[in-house]
Each structure stands twice: as C-alpha cells, then as structure tokens.
file data34.pdb (PDB, N, CA and C atoms)
ATOM      1  N   MET A 692      70.091  29.072 168.268
ATOM      2  CA  MET A 692      70.787  28.308 167.259
ATOM      3  C   MET A 692      71.367  27.062 167.904
ATOM      4  N   ASN A 693      71.108  25.928 167.312
ATOM      5  CA  ASN A 693      71.562  24.653 167.841
ATOM      6  C   ASN A 693      72.766  24.187 167.029
ATOM      7  N   THR A 694      73.930  24.132 167.669
ATOM      8  CA  THR A 694      75.128  23.659 166.973
ATOM      9  C   THR A 694      75.436  22.253 167.439
ATOM     10  N   LYS A 695      75.587  21.381 166.483
ATOM     11  CA  LYS A 695      75.850  19.982 166.772
ATOM     12  C   LYS A 695      77.349  19.709 166.680
ATOM     13  N   VAL A 696      77.914  19.128 167.712
ATOM     14  CA  VAL A 696      79.334  18.775 167.730
ATOM     15  C   VAL A 696      79.422  17.265 167.678
ATOM     16  N   SER A 697      80.204  16.760 166.740
ATOM     17  CA  SER A 697      80.338  15.308 166.629
ATOM     18  C   SER A 697      81.046  14.753 167.858
ATOM     19  N   GLY A 698      80.757  13.514 168.166
ATOM     20  CA  GLY A 698      81.393  12.865 169.308
ATOM     21  C   GLY A 698      82.890  12.783 169.160
ATOM     22  N   ARG A 699      83.358  12.577 167.930
ATOM     23  CA  ARG A 699      84.794  12.481 167.671
ATOM     24  C   ARG A 699      85.489  13.805 167.959
ATOM     25  N   LYS A 700      84.901  14.908 167.485
ATOM     26  CA  LYS A 700      85.503  16.215 167.730
ATOM     27  C   LYS A 700      85.493  16.540 169.212
ATOM     28  N   ALA A 701      84.411  16.193 169.895
ATOM     29  CA  ALA A 701      84.325  16.448 171.332
ATOM     30  C   ALA A 701      85.373  15.635 172.081
ATOM     31  N   ALA A 702      85.588  14.403 171.651
ATOM     32  CA  ALA A 702      86.587  13.556 172.301
ATOM     33  C   ALA A 702      87.980  14.122 172.097
ATOM     34  N   HIS A 703      88.262  14.610 170.881
ATOM     35  CA  HIS A 703      89.571  15.213 170.614
ATOM     36  C   HIS A 703      89.799  16.419 171.512
ATOM     37  N   ALA A 704      88.792  17.243 171.646
ATOM     38  CA  ALA A 704      88.925  18.437 172.476
ATOM     39  C   ALA A 704      89.115  18.060 173.935
ATOM     40  N   ALA A 705      88.401  17.039 174.385
ATOM     41  CA  ALA A 705      88.478  16.629 175.787
ATOM     42  C   ALA A 705      89.820  16.004 176.129
ATOM     43  N   HIS A 706      90.399  15.300 175.197
ATOM     44  CA  HIS A 706      91.650  14.583 175.480
ATOM     45  C   HIS A 706      92.888  15.269 174.919
ATOM     46  N   GLY A 707      92.743  16.435 174.383
ATOM     47  CA  GLY A 707      93.898  17.184 173.913
ATOM     48  C   GLY A 707      94.497  16.679 172.619
ATOM     49  N   ASN A 708      93.738  15.834 171.875
ATOM     50  CA  ASN A 708      94.205  15.380 170.571
ATOM     51  C   ASN A 708      95.590  14.743 170.663
ATOM     52  N   THR A 709      95.748  13.779 171.539
ATOM     53  CA  THR A 709      97.067  13.232 171.845
ATOM     54  C   THR A 709      97.785  12.602 170.659
ATOM     55  N   LEU A 710      97.058  11.927 169.759
ATOM     56  CA  LEU A 710      97.731  11.341 168.594
ATOM     57  C   LEU A 710      98.284  12.420 167.669
ATOM     58  N   LEU A 711      97.520  13.477 167.472
ATOM     59  CA  LEU A 711      97.995  14.572 166.632
ATOM     60  C   LEU A 711      99.216  15.230 167.257
ATOM     61  N   ILE A 712      99.172  15.447 168.545
ATOM     62  CA  ILE A 712     100.302  16.066 169.239
ATOM     63  C   ILE A 712     101.540  15.174 169.148
ATOM     64  N   ALA A 713     101.364  13.869 169.336
ATOM     65  CA  ALA A 713     102.495  12.939 169.230
ATOM     66  C   ALA A 713     103.068  12.951 167.816
ATOM     67  N   PHE A 714     102.183  12.974 166.810
ATOM     68  CA  PHE A 714     102.617  13.019 165.418
ATOM     69  C   PHE A 714     103.407  14.292 165.141
ATOM     70  N   GLN A 715     102.874  15.413 165.565
ATOM     71  CA  GLN A 715     103.544  16.697 165.341
ATOM     72  C   GLN A 715     104.878  16.766 166.070
ATOM     73  N   ASP A 716     104.911  16.298 167.310
ATOM     74  CA  ASP A 716     106.170  16.296 168.071
ATOM     75  C   ASP A 716     107.226  15.435 167.388
ATOM     76  N   ALA A 717     106.828  14.244 166.942
ATOM     77  CA  ALA A 717     107.775  13.339 166.296
ATOM     78  C   ALA A 717     108.274  13.914 164.977
ATOM     79  N   LEU A 718     107.376  14.549 164.229
ATOM     80  CA  LEU A 718     107.758  15.145 162.955
ATOM     81  C   LEU A 718     108.751  16.289 163.163
ATOM     82  N   GLU A 719     108.470  17.135 164.122
ATOM     83  CA  GLU A 719     109.379  18.251 164.413
ATOM     84  C   GLU A 719     110.713  17.751 164.961
ATOM     85  N   CYS A 720     110.679  16.729 165.785
ATOM     86  CA  CYS A 720     111.912  16.153 166.336
ATOM     87  C   CYS A 720     112.786  15.612 165.205
ATOM     88  N   LEU A 721     112.168  14.919 164.257
ATOM     89  CA  LEU A 721     112.903  14.376 163.123
ATOM     90  C   LEU A 721     113.478  15.499 162.268
ATOM     91  N   ARG A 722     112.689  16.542 162.038
ATOM     92  CA  ARG A 722     113.153  17.675 161.234
ATOM     93  C   ARG A 722     114.383  18.312 161.874
ATOM     94  N   LYS A 723     114.314  18.539 163.186
ATOM     95  CA  LYS A 723     115.434  19.153 163.899
ATOM     96  C   LYS A 723     116.648  18.236 163.905
ATOM     97  N   GLU A 724     116.407  16.936 164.063
ATOM     98  CA  GLU A 724     117.500  15.953 164.039
ATOM     99  C   GLU A 724     118.231  15.986 162.696
ATOM    100  N   MET A 725     117.485  16.215 161.627
ATOM    101  CA  MET A 725     118.071  16.292 160.291
ATOM    102  C   MET A 725     118.704  17.652 160.018
ATOM    103  N   GLY A 726     118.446  18.611 160.903
ATOM    104  CA  GLY A 726     119.019  19.937 160.753
ATOM    105  C   GLY A 726     118.423  20.726 159.591
ATOM    106  N   LEU A 727     117.142  20.492 159.301
ATOM    107  CA  LEU A 727     116.487  21.143 158.174
ATOM    108  C   LEU A 727     115.492  22.200 158.636
ATOM    109  N   THR A 728     115.324  23.216 157.813
ATOM    110  CA  THR A 728     114.258  24.179 158.064
ATOM    111  C   THR A 728     112.932  23.495 157.732
ATOM    112  N   ARG A 729     111.838  24.110 158.130
ATOM    113  CA  ARG A 729     110.531  23.530 157.811
ATOM    114  C   ARG A 729     110.320  23.460 156.303
ATOM    115  N   CYS A 730     110.735  24.484 155.607
ATOM    116  CA  CYS A 730     110.598  24.500 154.139
ATOM    117  C   CYS A 730     111.433  23.397 153.493
ATOM    118  N   ALA A 731     112.678  23.261 153.930
ATOM    119  CA  ALA A 731     113.563  22.238 153.371
ATOM    120  C   ALA A 731     113.056  20.835 153.707
ATOM    121  N   PHE A 732     112.507  20.665 154.900
ATOM    122  CA  PHE A 732     111.975  19.366 155.315
ATOM    123  C   PHE A 732     110.765  18.995 154.463
ATOM    124  N   ALA A 733     109.876  19.956 154.225
ATOM    125  CA  ALA A 733     108.710  19.709 153.374
ATOM    126  C   ALA A 733     109.157  19.284 151.979
ATOM    127  N   LYS A 734     110.171  19.964 151.473
ATOM    128  CA  LYS A 734     110.691  19.633 150.142
ATOM    129  C   LYS A 734     111.264  18.221 150.126
ATOM    130  N   ARG A 735     111.987  17.872 151.173
ATOM    131  CA  ARG A 735     112.560  16.523 151.264
ATOM    132  C   ARG A 735     111.471  15.453 151.333
ATOM    133  N   LEU A 736     110.357  15.783 151.988
ATOM    134  CA  LEU A 736     109.239  14.844 152.085
ATOM    135  C   LEU A 736     108.418  14.804 150.802
ATOM    136  N   GLY A 737     108.657  15.778 149.920
ATOM    137  CA  GLY A 737     107.920  15.812 148.669
ATOM    138  C   GLY A 737     106.496  16.316 148.817
ATOM    139  N   ILE A 738     106.292  17.174 149.821
ATOM    140  CA  ILE A 738     104.961  17.754 150.024
ATOM    141  C   ILE A 738     105.082  19.272 149.947
ATOM    142  N   PRO A 739     103.994  19.941 149.576
ATOM    143  CA  PRO A 739     104.042  21.404 149.540
ATOM    144  C   PRO A 739     104.333  21.986 150.923
ATOM    145  N   ARG A 740     105.042  23.093 150.932
ATOM    146  CA  ARG A 740     105.352  23.779 152.194
ATOM    147  C   ARG A 740     104.084  24.079 152.974
ATOM    148  N   SER A 741     103.036  24.495 152.280
ATOM    149  CA  SER A 741     101.777  24.815 152.953
ATOM    150  C   SER A 741     101.167  23.584 153.616
ATOM    151  N   SER A 742     101.343  22.418 153.003
ATOM    152  CA  SER A 742     100.824  21.181 153.601
ATOM    153  C   SER A 742     101.564  20.856 154.891
ATOM    154  N   TYR A 743     102.880  21.057 154.877
ATOM    155  CA  TYR A 743     103.656  20.802 156.097
ATOM    156  C   TYR A 743     103.204  21.737 157.217
ATOM    157  N   PHE A 744     103.056  23.015 156.897
ATOM    158  CA  PHE A 744     102.637  23.975 157.915
ATOM    159  C   PHE A 744     101.239  23.647 158.433
ATOM    160  N   HIS A 745     100.363  23.164 157.549
ATOM    161  CA  HIS A 745      99.018  22.773 157.992
ATOM    162  C   HIS A 745      99.087  21.576 158.938
ATOM    163  N   LEU A 746      99.996  20.640 158.677
ATOM    164  CA  LEU A 746     100.144  19.473 159.550
ATOM    165  C   LEU A 746     100.479  19.870 160.988
ATOM    166  N   MET A 747     101.069  21.039 161.151
ATOM    167  CA  MET A 747     101.489  21.474 162.480
ATOM    168  C   MET A 747     100.432  22.310 163.195
ATOM    169  N   THR A 748      99.229  22.404 162.634
ATOM    170  CA  THR A 748      98.155  23.161 163.270
ATOM    171  C   THR A 748      97.192  22.238 164.002
ATOM    172  N   ASP A 749      96.362  22.821 164.838
ATOM    173  CA  ASP A 749      95.331  22.059 165.546
ATOM    174  C   ASP A 749      94.270  21.519 164.590
ATOM    175  N   ALA A 750      94.142  22.116 163.424
ATOM    176  CA  ALA A 750      93.133  21.693 162.455
ATOM    177  C   ALA A 750      93.577  20.490 161.621
ATOM    178  N   ALA A 751      94.835  20.091 161.750
ATOM    179  CA  ALA A 751      95.355  18.975 160.954
ATOM    180  C   ALA A 751      94.629  17.687 161.320
ATOM    181  N   ASN A 752      94.403  16.870 160.309
ATOM    182  CA  ASN A 752      93.766  15.572 160.505
ATOM    183  C   ASN A 752      94.312  14.614 159.440
ATOM    184  N   PRO A 753      95.633  14.302 159.523
ATOM    185  CA  PRO A 753      96.239  13.467 158.486
ATOM    186  C   PRO A 753      95.697  12.039 158.521
ATOM    187  N   SER A 754      95.474  11.491 157.345
ATOM    188  CA  SER A 754      95.016  10.104 157.258
ATOM    189  C   SER A 754      96.188   9.174 157.571
ATOM    190  N   LEU A 755      95.873   7.935 157.857
ATOM    191  CA  LEU A 755      96.931   6.952 158.099
ATOM    192  C   LEU A 755      97.775   6.757 156.845
ATOM    193  N   ASP A 756      97.138   6.813 155.680
ATOM    194  CA  ASP A 756      97.888   6.698 154.425
ATOM    195  C   ASP A 756      98.897   7.831 154.291
ATOM    196  N   TYR A 757      98.488   9.035 154.663
ATOM    197  CA  TYR A 757      99.383  10.189 154.563
ATOM    198  C   TYR A 757     100.534  10.063 155.562
ATOM    199  N   ILE A 758     100.240   9.591 156.756
ATOM    200  CA  ILE A 758     101.279   9.376 157.768
ATOM    201  C   ILE A 758     102.275   8.327 157.271
ATOM    202  N   GLU A 759     101.769   7.261 156.659
ATOM    203  CA  GLU A 759     102.656   6.235 156.108
ATOM    204  C   GLU A 759     103.525   6.796 154.987
ATOM    205  N   LEU A 760     102.954   7.626 154.132
ATOM    206  CA  LEU A 760     103.714   8.239 153.043
ATOM    207  C   LEU A 760     104.843   9.113 153.586
ATOM    208  N   ILE A 761     104.540   9.934 154.563
ATOM    209  CA  ILE A 761     105.544  10.807 155.172
ATOM    210  C   ILE A 761     106.632   9.974 155.839
ATOM    211  N   ALA A 762     106.232   8.945 156.565
ATOM    212  CA  ALA A 762     107.204   8.086 157.241
ATOM    213  C   ALA A 762     108.134   7.408 156.233
ATOM    214  N   GLU A 763     107.553   6.901 155.160
ATOM    215  CA  GLU A 763     108.361   6.237 154.128
ATOM    216  C   GLU A 763     109.375   7.204 153.529
ATOM    217  N   ARG A 764     108.926   8.404 153.218
ATOM    218  CA  ARG A 764     109.815   9.393 152.614
ATOM    219  C   ARG A 764     110.869   9.902 153.594
ATOM    220  N   ALA A 765     110.548   9.860 154.889
ATOM    221  CA  ALA A 765     111.493  10.308 155.914
ATOM    222  C   ALA A 765     112.413   9.183 156.365
ATOM    223  N   GLY A 766     112.071   7.945 156.008
ATOM    224  CA  GLY A 766     112.900   6.805 156.380
ATOM    225  C   GLY A 766     112.712   6.350 157.809
ATOM    226  N   VAL A 767     111.487   6.506 158.330
ATOM    227  CA  VAL A 767     111.191   6.056 159.688
ATOM    228  C   VAL A 767     109.990   5.119 159.663
ATOM    229  N   GLU A 768     109.807   4.396 160.753
ATOM    230  CA  GLU A 768     108.653   3.517 160.881
ATOM    231  C   GLU A 768     107.398   4.363 161.121
ATOM    232  N   PRO A 769     106.306   4.098 160.416
ATOM    233  CA  PRO A 769     105.090   4.893 160.606
ATOM    234  C   PRO A 769     104.605   4.921 162.055
ATOM    235  N   ILE A 770     104.726   3.821 162.747
ATOM    236  CA  ILE A 770     104.246   3.760 164.131
ATOM    237  C   ILE A 770     105.011   4.731 165.028
ATOM    238  N   ALA A 771     106.220   5.092 164.625
ATOM    239  CA  ALA A 771     107.019   6.019 165.424
ATOM    240  C   ALA A 771     106.353   7.377 165.535
ATOM    241  N   PHE A 772     105.558   7.736 164.527
ATOM    242  CA  PHE A 772     104.865   9.016 164.558
ATOM    243  C   PHE A 772     103.658   9.012 165.487
ATOM    244  N   LEU A 773     103.244   7.849 165.927
ATOM    245  CA  LEU A 773     102.051   7.768 166.768
ATOM    246  C   LEU A 773     102.371   7.306 168.182
ATOM    247  N   GLY A 774     103.656   7.320 168.526
ATOM    248  CA  GLY A 774     104.066   6.937 169.874
ATOM    249  C   GLY A 774     103.778   8.038 170.863
ATOM    250  N   LYS A 775     104.418   7.972 171.986
ATOM    251  CA  LYS A 775     104.224   8.981 173.022
ATOM    252  C   LYS A 775     104.875  10.290 172.635
ATOM    253  N   ALA A 776     104.219  11.381 172.983
ATOM    254  CA  ALA A 776     104.770  12.706 172.709
ATOM    255  C   ALA A 776     106.106  12.844 173.424
ATOM    256  N   GLY A 777     107.057  13.480 172.756
ATOM    257  CA  GLY A 777     108.368  13.698 173.345
ATOM    258  C   GLY A 777     109.382  12.641 172.977
ATOM    259  N   GLN A 778     108.917  11.535 172.374
ATOM    260  CA  GLN A 778     109.838  10.496 171.929
ATOM    261  C   GLN A 778     110.004  10.633 170.431
ATOM    262  N   GLY A 779     111.212  10.830 169.982
ATOM    263  CA  GLY A 779     111.471  10.998 168.556
ATOM    264  C   GLY A 779     111.192   9.718 167.795
ATOM    265  N   PRO A 780     110.990   9.833 166.487
ATOM    266  CA  PRO A 780     110.733   8.652 165.674
ATOM    267  C   PRO A 780     111.975   7.798 165.528
ATOM    268  N   ARG A 781     111.765   6.481 165.457
ATOM    269  CA  ARG A 781     112.875   5.558 165.254
ATOM    270  C   ARG A 781     113.123   5.407 163.763
ATOM    271  N   ARG A 782     114.384   5.438 163.404
ATOM    272  CA  ARG A 782     114.755   5.255 161.997
ATOM    273  C   ARG A 782     114.742   3.779 161.671
ATOM    274  N   PHE A 783     114.536   3.476 160.377
ATOM    275  CA  PHE A 783     114.621   2.108 159.924
ATOM    276  C   PHE A 783     116.034   1.621 160.124
ATOM    277  N   GLY A 784     116.174   0.408 160.585
ATOM    278  CA  GLY A 784     117.489  -0.190 160.726
ATOM    279  C   GLY A 784     117.951  -0.773 159.401
ATOM    280  N   VAL A 785     119.188  -1.157 159.330
ATOM    281  CA  VAL A 785     119.712  -1.794 158.132
ATOM    282  C   VAL A 785     118.991  -3.117 157.935
ATOM    283  N   GLY A 786     118.500  -3.343 156.737
ATOM    284  CA  GLY A 786     117.793  -4.576 156.435
ATOM    285  C   GLY A 786     116.339  -4.554 156.814
ATOM    286  N   ALA A 787     115.857  -3.463 157.405
ATOM    287  CA  ALA A 787     114.441  -3.378 157.768
ATOM    288  C   ALA A 787     113.613  -3.192 156.517
ATOM    289  N   ARG A 788     112.462  -3.745 156.558
ATOM    290  CA  ARG A 788     111.480  -3.682 155.468
ATOM    291  C   ARG A 788     111.984  -4.446 154.339
TER     292      ARG A 788
END

call {"tool": "encode", "arguments": {"input": "data34.pdb", "output": "structure tokens"}}
result
Amino acid sequence: MNTKVSGRKAAHAAHGNTLLIAFQDALECLRKEMGLTRCAFAKRLGIPRSSYFHLMTDAANPSLDYIELIAERAGVEPIAFLGKAGQGPRRFGVGAR
C-alpha cells in the first residue's frame, strides 16, 4: 500500500508545527491571565467549547481569518498569537486600531 504524505504535512511533522504551538501557548497564556476556565474562555470568545478544545490538539489547523477573529474577540493583536512560543499575547493599547 502506497501512502502519500503531502509536503506541508511532512514539513509540519519535521519542524514540530511551531506556529501551531506558538498559537496554542499564547491562547492558553491569555486564558490563564484572564483567570478563566477553558469553557468560560471559549464562551467569552464566542466559540463552541468543542472548537476551543480542538484548537488545542495537534490536529488543529486554524485559518488566519479564524485567528484574527479570536484575537479581535480576546482584545489582542493577531500577530501576538503567532510569535515565539512562551511569549504571551500583547493586548491592544489605548487608542490602538
């Protein structure tokens, strides 16, 4: 049986999916900073609890539009979710946007 693996999936596996990990780390950091449970955080973001839990799995593949939506609802800059792992997202400053 010949199984074909796309180059993109192979690259993600080889590099540890760093953007996804950075996104997940930043999202969890923000949730903890707000002092919310995962369920309460999902509700605050206006997404189903199951969607939030899926975002935290290795199978997650959020679109840039979805990342922007989450960032807007959380009050942070979208780029903050794609920074280096371990660095929390930056909040919008007064007068930003």

call {"tool": "resolve_selection", "arguments": {"input": "data34.pdb", "expression": "the PyMOL selection byres (((chain A and resi 718-721 and name CA) around 10) and name CA)", "output": "PyMOL selection string"}}
result
chain A and resi 712-717+722-729+732+743+746-747+761-762+765+767+771-772+777-782

call {"tool": "closest_residue", "arguments": {"input": "data34.pdb", "among": "A:Ala751, A:Arg764, A:Cys730, A:His745", "to": "A:Leu710", "atoms": "only C-alpha atoms"}}
result
A:Ala751

call {"tool": "atom_distance", "arguments": {"input": "data34.pdb", "atom1": "atom CA of A:Thr709", "atom2": "atom CA of A:Ser742"}}
result
20.3 Å

call {"tool": "axis_aligned_box", "arguments": {"input": "data34.pdb", "around": "stretch 766-772 of chain A", "padding_each_side": "4 Å", "output": "AutoDock Vina command-line options"}}
result
--center_x 108.3 --center_y 6.3 --center_z 160.8 --size_x 17.2 --size_y 13.5 --size_z 17.5

call {"tool": "atom_distance", "arguments": {"input": "data34.pdb", "atom1": "atom CA of A:Thr748", "atom2": "atom CA of A:Leu760"}}
result
18.9 Å

call {"tool": "closest_residue", "arguments": {"input": "data34.pdb", "among": "A:Glu768, A:Ala750, A:Glu763, A:Gly774", "to": "A:Arg735", "atoms": "only C-alpha atoms"}}
result
A:Glu763

call {"tool": "atom_distance", "arguments": {"input": "data34.pdb", "atom1": "atom N of A:Arg740", "atom2": "atom N of A:Asn708"}}
result
24.9 Å

call {"tool": "decode", "arguments": {"input": "data34.pdb", "residues": "stretch 719-744 of chain A", "atoms": "N, CA, C and O atoms", "output": "short mmCIF file (atom, residue, chain, number, x, y, z; two decimals), in the first residue's frame"}}
result
data_model
loop_
_atom_site.label_atom_id
_atom_site.label_comp_id
_atom_site.auth_asym_id
_atom_site.auth_seq_id
_atom_site.Cartn_x
_atom_site.Cartn_y
_atom_site.Cartn_z
N GLU A 719 -3.45 29.83 25.55
CA GLU A 719 -3.53 29.34 26.93
C GLU A 719 -2.99 30.37 27.92
O GLU A 719 -3.54 30.54 29.00
N CYS A 720 -1.94 31.06 27.55
CA CYS A 720 -1.37 32.10 28.41
C CYS A 720 -2.40 33.21 28.65
O CYS A 720 -2.59 33.65 29.78
N LEU A 721 -3.08 33.61 27.59
CA LEU A 721 -4.10 34.65 27.71
C LEU A 721 -5.26 34.16 28.58
O LEU A 721 -5.76 34.90 29.44
N ARG A 722 -5.68 32.92 28.38
CA ARG A 722 -6.77 32.36 29.18
C ARG A 722 -6.42 32.38 30.66
O ARG A 722 -7.21 32.81 31.50
N LYS A 723 -5.21 31.93 30.98
CA LYS A 723 -4.77 31.90 32.38
C LYS A 723 -4.64 33.30 32.95
O LYS A 723 -4.98 33.54 34.10
N GLU A 724 -4.14 34.23 32.13
CA GLU A 724 -4.01 35.63 32.56
C GLU A 724 -5.38 36.21 32.91
O GLU A 724 -5.50 37.00 33.85
N MET A 725 -6.40 35.81 32.18
CA MET A 725 -7.76 36.28 32.44
C MET A 725 -8.42 35.53 33.59
O MET A 725 -9.48 35.93 34.06
N GLY A 726 -7.78 34.45 34.03
CA GLY A 726 -8.31 33.68 35.15
C GLY A 726 -9.58 32.90 34.80
O GLY A 726 -10.44 32.72 35.66
N LEU A 727 -9.69 32.47 33.55
CA LEU A 727 -10.88 31.77 33.09
C LEU A 727 -10.62 30.28 32.87
O LEU A 727 -9.50 29.90 32.51
N THR A 728 -11.65 29.49 33.07
CA THR A 728 -11.56 28.08 32.70
C THR A 728 -11.59 28.00 31.17
O THR A 728 -11.95 28.97 30.49
N ARG A 729 -11.27 26.84 30.64
CA ARG A 729 -11.32 26.68 29.18
C ARG A 729 -12.74 26.88 28.66
O ARG A 729 -12.93 27.50 27.62
N CYS A 730 -13.70 26.37 29.38
CA CYS A 730 -15.11 26.53 28.97
C CYS A 730 -15.53 28.00 28.99
O CYS A 730 -16.17 28.49 28.06
N ALA A 731 -15.18 28.70 30.06
CA ALA A 731 -15.54 30.12 30.19
C ALA A 731 -14.82 30.95 29.13
O ALA A 731 -15.39 31.91 28.58
N PHE A 732 -13.58 30.60 28.83
CA PHE A 732 -12.80 31.33 27.82
C PHE A 732 -13.43 31.14 26.44
O PHE A 732 -13.57 32.10 25.68
N ALA A 733 -13.82 29.91 26.12
CA ALA A 733 -14.48 29.64 24.84
C ALA A 733 -15.76 30.46 24.72
O ALA A 733 -16.03 31.07 23.67
N LYS A 734 -16.51 30.52 25.81
CA LYS A 734 -17.75 31.30 25.81
C LYS A 734 -17.46 32.78 25.59
O LYS A 734 -18.15 33.44 24.81
N ARG A 735 -16.43 33.27 26.23
CA ARG A 735 -16.05 34.68 26.07
C ARG A 735 -15.62 34.98 24.63
O ARG A 735 -15.87 36.07 24.11
N LEU A 736 -14.98 34.00 23.99
CA LEU A 736 -14.55 34.17 22.60
C LEU A 736 -15.71 33.99 21.62
O LEU A 736 -15.58 34.28 20.44
N GLY A 737 -16.82 33.45 22.13
CA GLY A 737 -17.97 33.24 21.27
C GLY A 737 -17.84 32.04 20.35
O GLY A 737 -18.39 32.04 19.26
N ILE A 738 -17.07 31.05 20.81
CA ILE A 738 -16.90 29.83 20.02
C ILE A 738 -17.37 28.65 20.86
O ILE A 738 -17.33 28.71 22.09
N PRO A 739 -17.80 27.58 20.20
CA PRO A 739 -18.20 26.39 20.96
C PRO A 739 -17.04 25.83 21.78
O PRO A 739 -15.88 25.91 21.37
N ARG A 740 -17.37 25.29 22.93
CA ARG A 740 -16.35 24.67 23.79
C ARG A 740 -15.57 23.62 23.03
O ARG A 740 -14.34 23.55 23.13
N SER A 741 -16.25 22.83 22.22
CA SER A 741 -15.58 21.78 21.45
C SER A 741 -14.57 22.37 20.46
O SER A 741 -13.51 21.79 20.22
N SER A 742 -14.89 23.53 19.90
CA SER A 742 -13.96 24.18 18.97
C SER A 742 -12.70 24.63 19.70
O SER A 742 -11.59 24.51 19.17
N TYR A 743 -12.87 25.16 20.90
CA TYR A 743 -11.70 25.58 21.68
C TYR A 743 -10.81 24.38 21.99
O TYR A 743 -9.60 24.43 21.82
N PHE A 744 -11.43 23.29 22.44
CA PHE A 744 -10.65 22.10 22.77
C PHE A 744 -9.95 21.54 21.54
O PHE A 744 -8.82 21.07 21.62
#
